[in-house]
>>> print(open('query16.txt').read())   # compact mmCIF, C-alpha atoms
# COMPACT_ATOMS: atom_id res chain seq x y z
CA MET A 1 13.38 15.60 17.31
CA ARG A 2 12.60 12.02 16.27
CA GLY A 3 16.32 11.25 15.93
CA TRP A 4 16.79 12.07 19.65
CA SER A 5 14.05 9.72 20.82
CA PHE A 6 13.37 6.02 21.15
CA PRO A 7 10.14 4.02 20.73
CA MET A 8 7.88 2.86 23.56
CA GLY A 9 5.61 0.74 21.38
CA ARG A 10 2.35 1.23 19.55
CA TRP A 11 -0.72 2.09 21.62
CA PHE A 12 -4.16 1.93 19.97
CA GLY A 13 -2.62 2.55 16.56
CA VAL A 14 -0.45 5.48 17.74
CA ASP A 15 3.37 5.24 17.91
CA LEU A 16 4.64 6.45 21.27
CA ARG A 17 8.19 7.79 21.56
CA ILE A 18 10.10 9.25 24.50
CA HIS A 19 12.72 11.95 24.05
CA THR A 20 16.22 11.43 25.41
CA PHE A 21 15.79 14.63 27.44
CA PHE A 22 13.94 12.38 29.87
CA LEU A 23 17.27 10.65 30.55
CA LEU A 24 18.63 13.97 31.84
CA LEU A 25 15.78 14.05 34.31
CA LEU A 26 16.48 10.45 35.31
CA ALA A 27 20.07 11.39 36.13
CA PHE A 28 18.82 14.38 38.12
CA CYS A 29 16.31 12.23 40.06
CA LEU A 30 18.98 9.64 40.86
CA LEU A 31 21.28 12.42 42.04
CA SER A 32 18.54 13.70 44.34
CA THR A 33 18.45 10.32 46.13
CA SER A 34 22.10 10.66 47.13
CA VAL A 35 21.42 14.19 48.42
CA ALA A 36 18.36 13.04 50.37
CA GLY A 37 20.12 9.89 51.61
CA VAL A 38 17.42 7.46 50.42
CA ALA A 39 17.40 4.32 48.28
CA THR A 40 18.24 4.70 44.58
CA TRP A 41 15.01 3.03 43.48
CA ARG A 42 13.09 6.01 44.87
CA GLY A 43 14.88 8.32 42.43
CA PHE A 44 13.89 6.03 39.58
CA MET A 45 10.27 6.00 40.82
CA LEU A 46 10.23 9.81 41.06
CA TRP A 47 11.31 9.93 37.40
CA PHE A 48 8.64 7.36 36.53
CA MET A 49 6.00 9.47 38.28
CA LEU A 50 6.94 12.47 36.11
CA LEU A 51 6.70 10.28 33.01
CA MET A 52 3.27 9.09 34.16
CA VAL A 53 2.11 12.69 34.76
CA VAL A 54 3.07 13.63 31.19
CA PHE A 55 1.51 10.42 29.85
CA VAL A 56 -1.83 11.07 31.58
CA ARG A 57 -1.92 14.61 30.18
CA GLU A 58 -1.27 13.40 26.64
CA ILE A 59 -3.84 10.58 26.88
CA ALA A 60 -6.48 13.20 27.65
CA ARG A 61 -5.38 15.29 24.66
CA VAL A 62 -5.42 12.23 22.37
CA ILE A 63 -8.99 11.41 23.40
CA VAL A 64 -10.13 14.97 22.64
CA ALA A 65 -8.18 15.05 19.36
CA THR A 66 -9.77 11.76 18.26
CA TYR A 67 -13.21 13.08 19.21
CA HIS A 68 -12.63 15.99 16.82
CA GLY A 69 -11.64 13.61 14.03
CA LEU A 70 -7.88 14.19 14.08
CA GLN A 71 -5.81 11.18 12.99
CA ILE A 72 -2.63 10.94 15.07
CA ARG A 73 0.38 9.00 13.80
CA SER A 74 2.74 9.38 16.75
CA ILE A 75 3.35 11.20 20.02
CA LEU A 76 6.77 12.36 21.16
CA LEU A 77 6.92 12.73 24.95
CA LEU A 78 9.00 15.59 26.35
CA PRO A 79 9.32 16.51 30.04
CA ILE A 80 7.00 19.50 29.45
CA GLY A 81 4.39 17.59 27.41
CA GLY A 82 3.96 15.84 24.08
CA LEU A 83 4.22 16.70 20.38
CA PHE A 84 1.70 15.19 17.98
CA SER A 85 2.46 13.96 14.47
CA TYR A 86 -0.57 13.56 12.24
CA VAL A 87 -1.40 10.91 9.63
CA ASN A 88 -2.35 13.37 6.91
CA PRO A 89 -2.04 17.09 6.17
CA GLU A 90 -5.80 17.52 6.63
CA SER A 91 -5.52 16.54 10.31
CA ALA A 92 -2.49 18.81 10.78
CA GLU A 93 -4.37 21.74 9.26
CA ARG A 94 -7.47 21.09 11.38
CA ALA A 95 -5.31 20.83 14.52
CA SER A 96 -4.06 24.36 13.85
CA ASN A 97 -7.64 25.57 13.54
CA GLY A 98 -8.42 28.17 16.20
CA THR A 99 -11.24 26.30 17.94
CA ILE A 100 -9.65 22.84 18.02
CA GLN A 101 -6.25 24.24 18.97
CA THR A 102 -7.82 26.15 21.87
CA VAL A 103 -9.69 23.06 23.09
CA LEU A 104 -6.52 20.95 23.01
CA ALA A 105 -4.63 23.70 24.82
CA ILE A 106 -7.24 23.82 27.59
CA VAL A 107 -7.55 20.05 27.97
CA GLY A 108 -3.87 19.58 28.87
CA PRO A 109 -3.77 21.75 32.04
CA VAL A 110 -7.27 20.64 33.09
CA ALA A 111 -6.27 16.96 32.83
CA SER A 112 -3.12 17.62 34.88
CA LEU A 113 -5.06 19.44 37.61
CA LEU A 114 -7.71 16.69 37.74
CA PHE A 115 -5.01 14.02 38.03
CA ALA A 116 -3.37 15.99 40.85
CA ALA A 117 -6.73 16.26 42.60
CA VAL A 118 -7.38 12.50 42.28
CA ILE A 119 -3.98 11.57 43.76
CA ALA A 120 -4.42 14.17 46.52
CA GLY A 121 -7.84 12.68 47.32
CA MET A 122 -6.32 9.19 47.54
CA ILE A 123 -3.67 10.45 49.96
CA VAL A 124 -6.21 12.25 52.16
CA GLY A 125 -8.54 9.25 52.15
CA SER A 126 -5.95 6.54 52.83
CA ALA A 127 -3.30 8.40 54.84
CA PRO A 128 -4.79 11.57 56.40
CA ALA A 129 -1.69 11.99 58.56
CA VAL A 130 0.40 12.78 55.47
CA SER A 131 0.59 16.53 54.86
CA LEU A 132 0.24 17.57 51.23
CA THR A 133 1.85 20.95 51.93
CA ALA A 134 4.94 19.70 53.77
CA LYS A 135 8.28 20.77 52.29
CA PRO A 136 9.94 19.88 50.06
CA TRP A 137 6.97 19.37 47.77
CA ILE A 138 8.87 17.26 45.24
CA THR A 139 11.24 14.71 46.74
CA PRO A 140 12.03 10.99 46.30
CA THR A 141 11.20 10.54 49.97
CA HIS A 142 7.43 11.09 49.41
CA LEU A 143 6.50 9.82 45.94
CA MET A 144 2.71 10.21 46.05
CA ARG A 145 2.89 13.79 47.32
CA SER A 146 5.51 14.53 44.68
CA THR A 147 3.14 13.22 42.01
CA VAL A 148 0.48 15.70 43.13
CA TRP A 149 2.85 18.65 42.87
CA LEU A 150 4.48 17.48 39.64
CA SER A 151 1.06 17.29 37.97
CA ALA A 152 -0.04 20.64 39.41
CA MET A 153 3.19 22.32 38.32
CA LEU A 154 2.89 20.88 34.81
CA ALA A 155 -0.56 22.45 34.57
CA LEU A 156 0.67 25.82 35.87
CA ILE A 157 3.63 25.89 33.49
CA HIS A 158 1.30 25.57 30.51
CA ILE A 159 -0.63 28.65 31.57
CA VAL A 160 2.42 30.75 30.65
CA PRO A 161 1.85 32.32 27.17
CA ALA A 162 5.11 31.06 25.68
CA TYR A 163 5.48 28.55 22.86
CA PRO A 164 5.47 25.52 22.82
CA LEU A 165 3.32 25.67 26.00
CA ASP A 166 -0.47 25.45 25.71
CA ALA A 167 -1.15 29.12 26.42
CA GLY A 168 1.53 29.96 23.86
CA ARG A 169 -0.37 27.95 21.26
CA ILE A 170 -3.52 29.95 21.97
CA LEU A 171 -1.54 33.18 21.70
CA ARG A 172 -0.10 32.01 18.38
CA GLY A 173 -3.61 31.34 17.09
CA VAL A 174 -4.66 34.89 18.01
CA MET A 175 -1.54 36.44 16.45
CA THR A 176 -1.86 34.32 13.28
CA LYS A 177 -5.00 36.27 12.30
CA THR A 178 -3.02 39.49 11.95
CA ARG A 179 0.59 38.43 11.36
CA GLY A 180 0.38 35.08 9.56
CA GLN A 181 1.33 31.68 10.99
CA ALA A 182 5.06 31.86 10.29
CA GLN A 183 5.56 35.28 11.91
CA ALA A 184 3.22 34.45 14.79
CA THR A 185 5.04 31.19 15.54
CA LYS A 186 8.40 32.94 15.39
CA ALA A 187 7.19 35.60 17.85
CA VAL A 188 5.78 33.19 20.44
CA SER A 189 8.80 30.88 20.04
CA GLY A 190 10.97 33.86 20.96
CA LEU A 191 8.79 34.42 24.03
CA GLY A 192 9.25 30.76 24.94
CA GLN A 193 13.02 30.99 24.68
CA GLY A 194 13.03 34.20 26.72
CA PHE A 195 10.82 32.71 29.44
CA GLY A 196 12.92 29.55 29.58
CA LEU A 197 16.10 31.58 29.96
CA LEU A 198 14.57 33.71 32.73
CA ALA A 199 13.37 30.57 34.54
CA MET A 200 16.87 29.07 34.45
CA ILE A 201 18.44 32.31 35.73
CA ALA A 202 15.84 32.55 38.52
CA GLY A 203 16.45 28.93 39.51
CA LEU A 204 20.21 29.40 39.63
CA THR A 205 19.80 32.59 41.68
CA LEU A 206 17.53 30.91 44.23
CA LEU A 207 19.86 27.93 44.41
CA ALA A 208 22.76 30.21 45.30
CA LEU A 209 20.86 32.02 48.05
CA PRO A 210 20.88 30.57 51.59
CA ASN A 211 17.66 29.75 53.48
CA THR A 212 15.32 30.23 50.54
CA GLY A 213 12.76 27.79 51.90
CA VAL A 214 10.17 26.55 49.42
CA ALA A 215 11.72 28.51 46.55
CA GLY A 216 15.09 26.89 47.23
CA GLY A 217 13.52 23.43 47.12
CA LEU A 218 11.88 24.20 43.78
CA SER A 219 14.90 25.90 42.20
CA PRO A 220 16.37 22.73 40.60
CA TRP A 221 13.00 21.99 39.00
CA LEU A 222 12.75 25.61 37.86
CA ILE A 223 16.14 25.26 36.16
CA MET A 224 15.18 21.99 34.47
CA GLY A 225 11.75 23.32 33.40
CA GLY A 226 13.28 26.49 31.98
CA PHE A 227 15.84 24.45 30.06
CA PHE A 228 13.20 22.26 28.41
CA ILE A 229 11.01 25.26 27.55
CA PHE A 230 14.01 27.06 26.03
CA ILE A 231 14.95 24.01 23.92
CA GLY A 232 11.34 23.50 22.83
CA GLY A 233 11.02 27.12 21.73
CA GLN A 234 14.36 26.98 19.91
CA LEU A 235 13.43 23.80 18.02
CA GLU A 236 10.09 25.30 17.02
CA ASP A 237 11.83 28.47 15.80
CA GLN A 238 14.19 26.37 13.68
CA GLY A 239 11.21 24.48 12.30
CA VAL A 240 9.51 27.71 11.29
CA MET A 241 12.66 28.92 9.53
CA PHE A 242 12.91 25.65 7.62
CA GLN A 243 9.21 25.76 6.75
CA SER A 244 9.43 29.34 5.47
CA VAL A 245 12.29 28.31 3.17
CA VAL A 246 10.72 25.18 1.69
CA GLU A 247 7.41 26.96 1.07
CA THR A 248 9.18 29.26 -1.41
CA VAL A 249 10.62 26.32 -3.38
CA ARG A 250 8.52 24.76 -6.14
CA MET A 251 8.95 21.19 -7.28
CA LYS A 252 9.94 22.45 -10.74
CA ASP A 253 12.86 24.30 -9.11
CA VAL A 254 14.52 21.13 -7.78
CA MET A 255 13.20 18.27 -9.93
CA LEU A 256 15.47 16.18 -12.13
CA THR A 257 14.45 16.50 -15.76
CA GLU A 258 16.87 13.85 -17.03
CA PHE A 259 15.95 10.47 -15.57
CA SER A 260 15.38 6.84 -16.48
CA THR A 261 12.05 5.04 -16.47
CA MET A 262 11.03 1.40 -16.66
CA SER A 263 8.10 -0.44 -18.16
CA PRO A 264 5.92 -2.88 -16.22
CA SER A 265 6.63 -5.44 -18.96
CA ASP A 266 10.41 -5.21 -18.50
CA THR A 267 11.97 -8.36 -17.09
CA LEU A 268 13.75 -8.04 -13.78
CA ALA A 269 17.04 -9.00 -15.44
CA ASP A 270 16.63 -6.18 -17.99
CA ALA A 271 15.60 -3.79 -15.23
CA LEU A 272 18.71 -4.69 -13.21
CA TYR A 273 20.88 -4.00 -16.26
CA LYS A 274 19.25 -0.55 -16.64
CA ALA A 275 19.84 0.12 -12.96
CA ILE A 276 23.55 -0.63 -13.34
CA HIS A 277 23.87 2.30 -15.74
CA SER A 278 21.85 4.80 -13.68
CA LEU A 279 22.55 6.80 -10.53
CA GLN A 280 18.90 6.50 -9.48
CA ASP A 281 17.92 4.22 -6.61
CA GLU A 282 14.25 4.25 -7.63
CA PHE A 283 12.60 4.44 -11.03
CA PRO A 284 9.18 5.57 -12.26
CA VAL A 285 7.33 2.75 -14.03
CA VAL A 286 5.33 4.01 -17.02
CA ARG A 287 2.93 2.36 -19.43
CA GLY A 288 2.85 4.57 -22.49
CA SER A 289 2.61 8.07 -21.01
CA ASN A 290 0.88 6.95 -17.81
CA LEU A 291 2.70 6.55 -14.52
CA VAL A 292 1.67 3.20 -12.98
CA GLY A 293 4.22 2.57 -10.24
CA VAL A 294 7.64 3.01 -8.67
CA VAL A 295 10.34 0.33 -8.38
CA SER A 296 13.67 0.35 -6.53
CA LYS A 297 17.03 -1.23 -7.26
CA GLN A 298 16.86 -3.07 -3.97
CA GLY A 299 13.40 -4.45 -4.77
CA ILE A 300 14.56 -5.71 -8.16
CA LEU A 301 17.65 -7.36 -6.69
CA GLN A 302 15.76 -9.03 -3.84
CA ALA A 303 13.10 -10.40 -6.21
CA LEU A 304 15.75 -11.85 -8.53
CA ARG A 305 17.53 -13.53 -5.62
CA SER A 306 14.41 -14.97 -4.03
CA ASP A 307 12.08 -15.76 -6.96
CA GLY A 308 14.26 -15.63 -10.06
CA ASN A 309 13.49 -13.65 -13.19
CA GLY A 310 10.05 -12.10 -13.52
CA TYR A 311 8.50 -8.81 -14.53
CA VAL A 312 8.75 -5.34 -13.06
CA GLN A 313 4.97 -5.13 -12.56
CA SER A 314 5.20 -7.93 -9.99
CA VAL A 315 7.53 -5.98 -7.67
CA MET A 316 6.68 -2.33 -8.33
CA SER A 317 4.90 -0.26 -5.72
CA ARG A 318 1.52 1.09 -6.73
CA SER A 319 1.32 3.35 -3.67
CA PHE A 320 3.05 6.68 -4.31
CA GLN A 321 2.53 10.42 -4.18
CA VAL A 322 2.53 12.48 -7.38
CA ALA A 323 3.30 16.18 -7.35
CA GLU A 324 2.76 18.92 -9.89
CA PRO A 325 5.54 21.28 -11.00
CA GLU A 326 3.92 24.24 -9.16
CA ASP A 327 3.48 22.39 -5.86
CA SER A 328 5.62 23.72 -3.02
CA LEU A 329 8.32 21.51 -1.58
CA GLY A 330 6.84 22.12 1.88
CA LEU A 331 3.47 20.70 0.81
CA MET A 332 5.11 17.59 -0.59
CA ILE A 333 7.17 17.03 2.55
CA ARG A 334 4.00 17.22 4.67
CA ARG A 335 2.22 14.73 2.42
CA ILE A 336 4.87 12.05 2.70
CA ALA A 337 6.12 12.82 6.23
CA GLY A 338 6.95 9.59 8.03
CA GLY A 339 6.71 7.53 4.85
CA ARG A 340 9.37 5.38 3.22
CA MET A 341 9.31 7.01 -0.22
CA SER A 342 12.57 8.29 -1.59
CA LEU A 343 11.24 9.28 -5.04
CA VAL A 344 8.43 11.67 -5.93
CA PRO A 345 7.31 11.72 -9.59
CA ILE A 346 6.38 15.15 -10.98
CA ALA A 347 3.55 14.98 -13.50
CA GLU A 348 1.88 17.60 -15.68
CA ALA A 349 -1.40 16.83 -17.48
CA GLY A 350 -0.89 13.14 -16.66
CA ARG A 351 2.60 13.03 -18.18
CA ILE A 352 5.69 12.61 -16.04
CA VAL A 353 8.05 15.56 -16.52
CA GLY A 354 10.53 15.07 -13.69
CA ILE A 355 11.38 13.35 -10.42
CA VAL A 356 12.58 14.49 -7.00
CA THR A 357 14.62 12.11 -4.86
CA TRP A 358 15.88 12.61 -1.31
CA GLN A 359 19.25 11.57 -2.71
CA ASN A 360 19.52 14.65 -4.94
CA LEU A 361 17.37 17.08 -2.94
CA SER A 362 20.06 18.52 -0.64
CA ASN A 363 22.42 19.04 -3.57
CA SER A 364 19.65 20.66 -5.63
CA MET A 365 18.67 22.96 -2.76
CA GLY A 366 22.27 24.12 -2.37
CA LEU A 367 22.62 24.82 -6.08
CA LEU A 368 19.23 26.58 -6.13
CA ALA A 369 20.34 28.87 -3.28
CA GLU A 370 23.48 29.80 -5.23
CA HIS A 371 21.44 30.39 -8.39
CA ARG A 372 19.03 32.70 -6.57
CA ARG A 373 21.94 34.59 -5.02
CA PHE A 374 23.50 35.21 -8.43
CA GLU A 375 20.13 36.31 -9.80
CA ARG A 376 19.76 38.87 -6.97
CA GLU A 377 23.26 40.17 -7.53
CA GLY A 378 22.64 40.38 -11.27
>>> encode(input="query16.txt", output="structure tokens")
Amino acid sequence: MRGWSFPMGRWFGVDLRIHTFFLLLLAFCLLSTSVAGVATWRGFMLWFMLLMVVFVREIARVIVATYHGLQIRSILLLPIGGLFSYVNPESAERASNGTIQTVLAIVGPVASLLFAAVIAGMIVGSAPAVSLTAKPWITPTHLMRSTVWLSAMLALIHIVPAYPLDAGRILRGVMTKTRGQAQATKAVSGLGQGFGLLAMIAGLTLLALPNTGVAGGLSPWLIMGGFFIFIGGQLEDQGVMFQSVVETVRMKDVMLTEFSTMSPSDTLADALYKAIHSLQDEFPVVRGSNLVGVVSKQGILQALRSDGNGYVQSVMSRSFQVAEPEDSLGLMIRRIAGGRMSLVPIAEAGRIVGIVTWQNLSNSMGLLAEHRRFEREG
């Protein structure tokens, strides 16, 4: 998901990103201006109003999440809402807690309805001649009225019990108690995909019918909403499948047991010579049997070029995650999600027994799958 998004800056310590799906909506809004025969800038403003509606909803959720002690790293904005990424696994686990998850699920629709009510009140107070119920409800011709209905529709969509919508999250929490999180998420993700598909079919049907009135005016938005819900449910389903796989893999199953180490007292020139004869990009730094840091080829080379010869201890990183052989790969991925580490030392009783690198992980996973298949057949 992150690869299909671009940054919008850092707000109060939280990275804000917008998904490229929003560009599809921008194209749709610009197309609607040519149909309505109005200026192009109105299509851009209609798109901006939708972005603002989603932004207001997520700001309310961030405030509530912070109140409950959740530490948020980033927010990815989608046309149907936002996805949170947490700083640590503790926050992610607490966010999936039944009570907090329910509160966050309720806050989103409530915030959207309140925002719609505020804008509606401004219209009634400043321009009472403008009808809030005139058709079409969402059009680049009347931006403020469109904002009211966009916000109200966003709230109503999230009442549908389909993942990744808010009501779907509550349903997942209820189902998790009896079926487990993986199976519950898979079930509600399937509901989300089914609902999205039905919404797209309904929108296309209404669009093809003549004189459908209000429904005909909403049909393009029904198609777009169904598409985004379907994609969101599909991505979540893929995430669950990936998670269920990595949770069965232990670090001892994929770790490299033959690897090179360095000493903090090694000179950078000696360290560079060792690196020449190794396929590793990063190296554990050990003093005796104790792991004290991690150093990379690039770090060694940059230090030699800028400062000349020195010692490994001056350039090694002392911030790293250590795993145990019995730790699951899924747990380790959650711990270092969003970080820059490419090497994870595996230690047992304080002694390093292996390493896992992103460089070798995909190859090791493929070989492990083949090994398990042969074991089953045997």
>>> residues_around(input="query16.txt", residues="region 136-140 of chain A", least_positions_apart="2", cutoff="8 Å", atoms="only C-alpha atoms", output="list in words")
Cys29, Ser32, Thr33, Ala36, Val38, Arg42, Gly43, Met45, Leu46, Leu132, Thr133, Ala134, His142, Leu143, Arg145, Ser146, Thr147, Trp149, Leu150, Val214, Gly217 and Leu218 of chain A
>>> write_last_selection(input="query16.txt", atoms="C-alpha atoms", output="short mmCIF file (atom, residue, chain, number, x, y, z; two decimals), in the coordinates of the input")
data_model
loop_
_atom_site.label_atom_id
_atom_site.label_comp_id
_atom_site.auth_asym_id
_atom_site.auth_seq_id
_atom_site.Cartn_x
_atom_site.Cartn_y
_atom_site.Cartn_z
CA CYS A 29 16.31 12.23 40.06
CA SER A 32 18.54 13.70 44.34
CA THR A 33 18.45 10.32 46.13
CA ALA A 36 18.36 13.04 50.37
CA VAL A 38 17.42 7.46 50.42
CA ARG A 42 13.09 6.01 44.87
CA GLY A 43 14.88 8.32 42.43
CA MET A 45 10.27 6.00 40.82
CA LEU A 46 10.23 9.81 41.06
CA LEU A 132 0.24 17.57 51.23
CA THR A 133 1.85 20.95 51.93
CA ALA A 134 4.94 19.70 53.77
CA HIS A 142 7.43 11.09 49.41
CA LEU A 143 6.50 9.82 45.94
CA ARG A 145 2.89 13.79 47.32
CA SER A 146 5.51 14.53 44.68
CA THR A 147 3.14 13.22 42.01
CA TRP A 149 2.85 18.65 42.87
CA LEU A 150 4.48 17.48 39.64
CA VAL A 214 10.17 26.55 49.42
CA GLY A 217 13.52 23.43 47.12
CA LEU A 218 11.88 24.20 43.78
#
>>> atom_distance(input="query16.txt", atom1="CA of Leu50 (chain A)", atom2="CA of Val103 (chain A)")
23.6 Å
>>> closest_residue(input="query16.txt", among="A:Arg61, A:Arg172, A:Arg10, A:His68", to="Leu104 (chain A)", atoms="only C-alpha atoms")
A:Arg61
>>> closest_residue(input="query16.txt", among="A:Ile157, A:Ile229, A:Ala105, A:Ala60", to="Leu78 (chain A)", atoms="all atoms listed in the file")
A:Ile229
>>> atom_distance(input="query16.txt", atom1="CA of Arg372 (chain A)", atom2="CA of Ala323 (chain A)")
22.8 Å
>>> residues_around(input="query16.txt", residues="Phe21 (chain A)", least_positions_apart="5", cutoff="9 Å", atoms="all atoms listed in the file", output="list in words")
Trp4, Ser5, Leu26, Leu78, Pro79 and Phe228 of chain A
>>> atom_distance(input="query16.txt", atom1="CA of Asp270 (chain A)", atom2="CA of Gly288 (chain A)")
18.0 Å
>>> closest_residue(input="query16.txt", among="A:Leu222, A:Met200, A:Met332, A:Val322", to="Pro345 (chain A)", atoms="only C-alpha atoms")
A:Val322
>>> closest_residue(input="query16.txt", among="A:Ala167, A:Ala347, A:Ile300, A:Met255", to="Thr267 (chain A)", atoms="all atoms listed in the file")
A:Ile300
>>> residues_around(input="query16.txt", residues="Val295 (chain A)", least_positions_apart="5", cutoff="10 Å", atoms="all atoms listed in the file", output="VMD selection string")
chain A and resid 261 to 262 264 271 281 to 285 300 312 to 318 343
>>> closest_residue(input="query16.txt", among="A:Ser112, A:Thr141, A:Ser126, A:Thr102", to="Ile170 (chain A)", atoms="all atoms listed in the file")
A:Thr102
>>> axis_aligned_box(input="query16.txt", around="region 40-47 of chain A", padding_each_side="5 Å", output="AutoDock Vina command-line options")
--center_x 14.2 --center_y 6.5 --center_z 41.1 --size_x 18.0 --size_y 16.9 --size_z 17.5
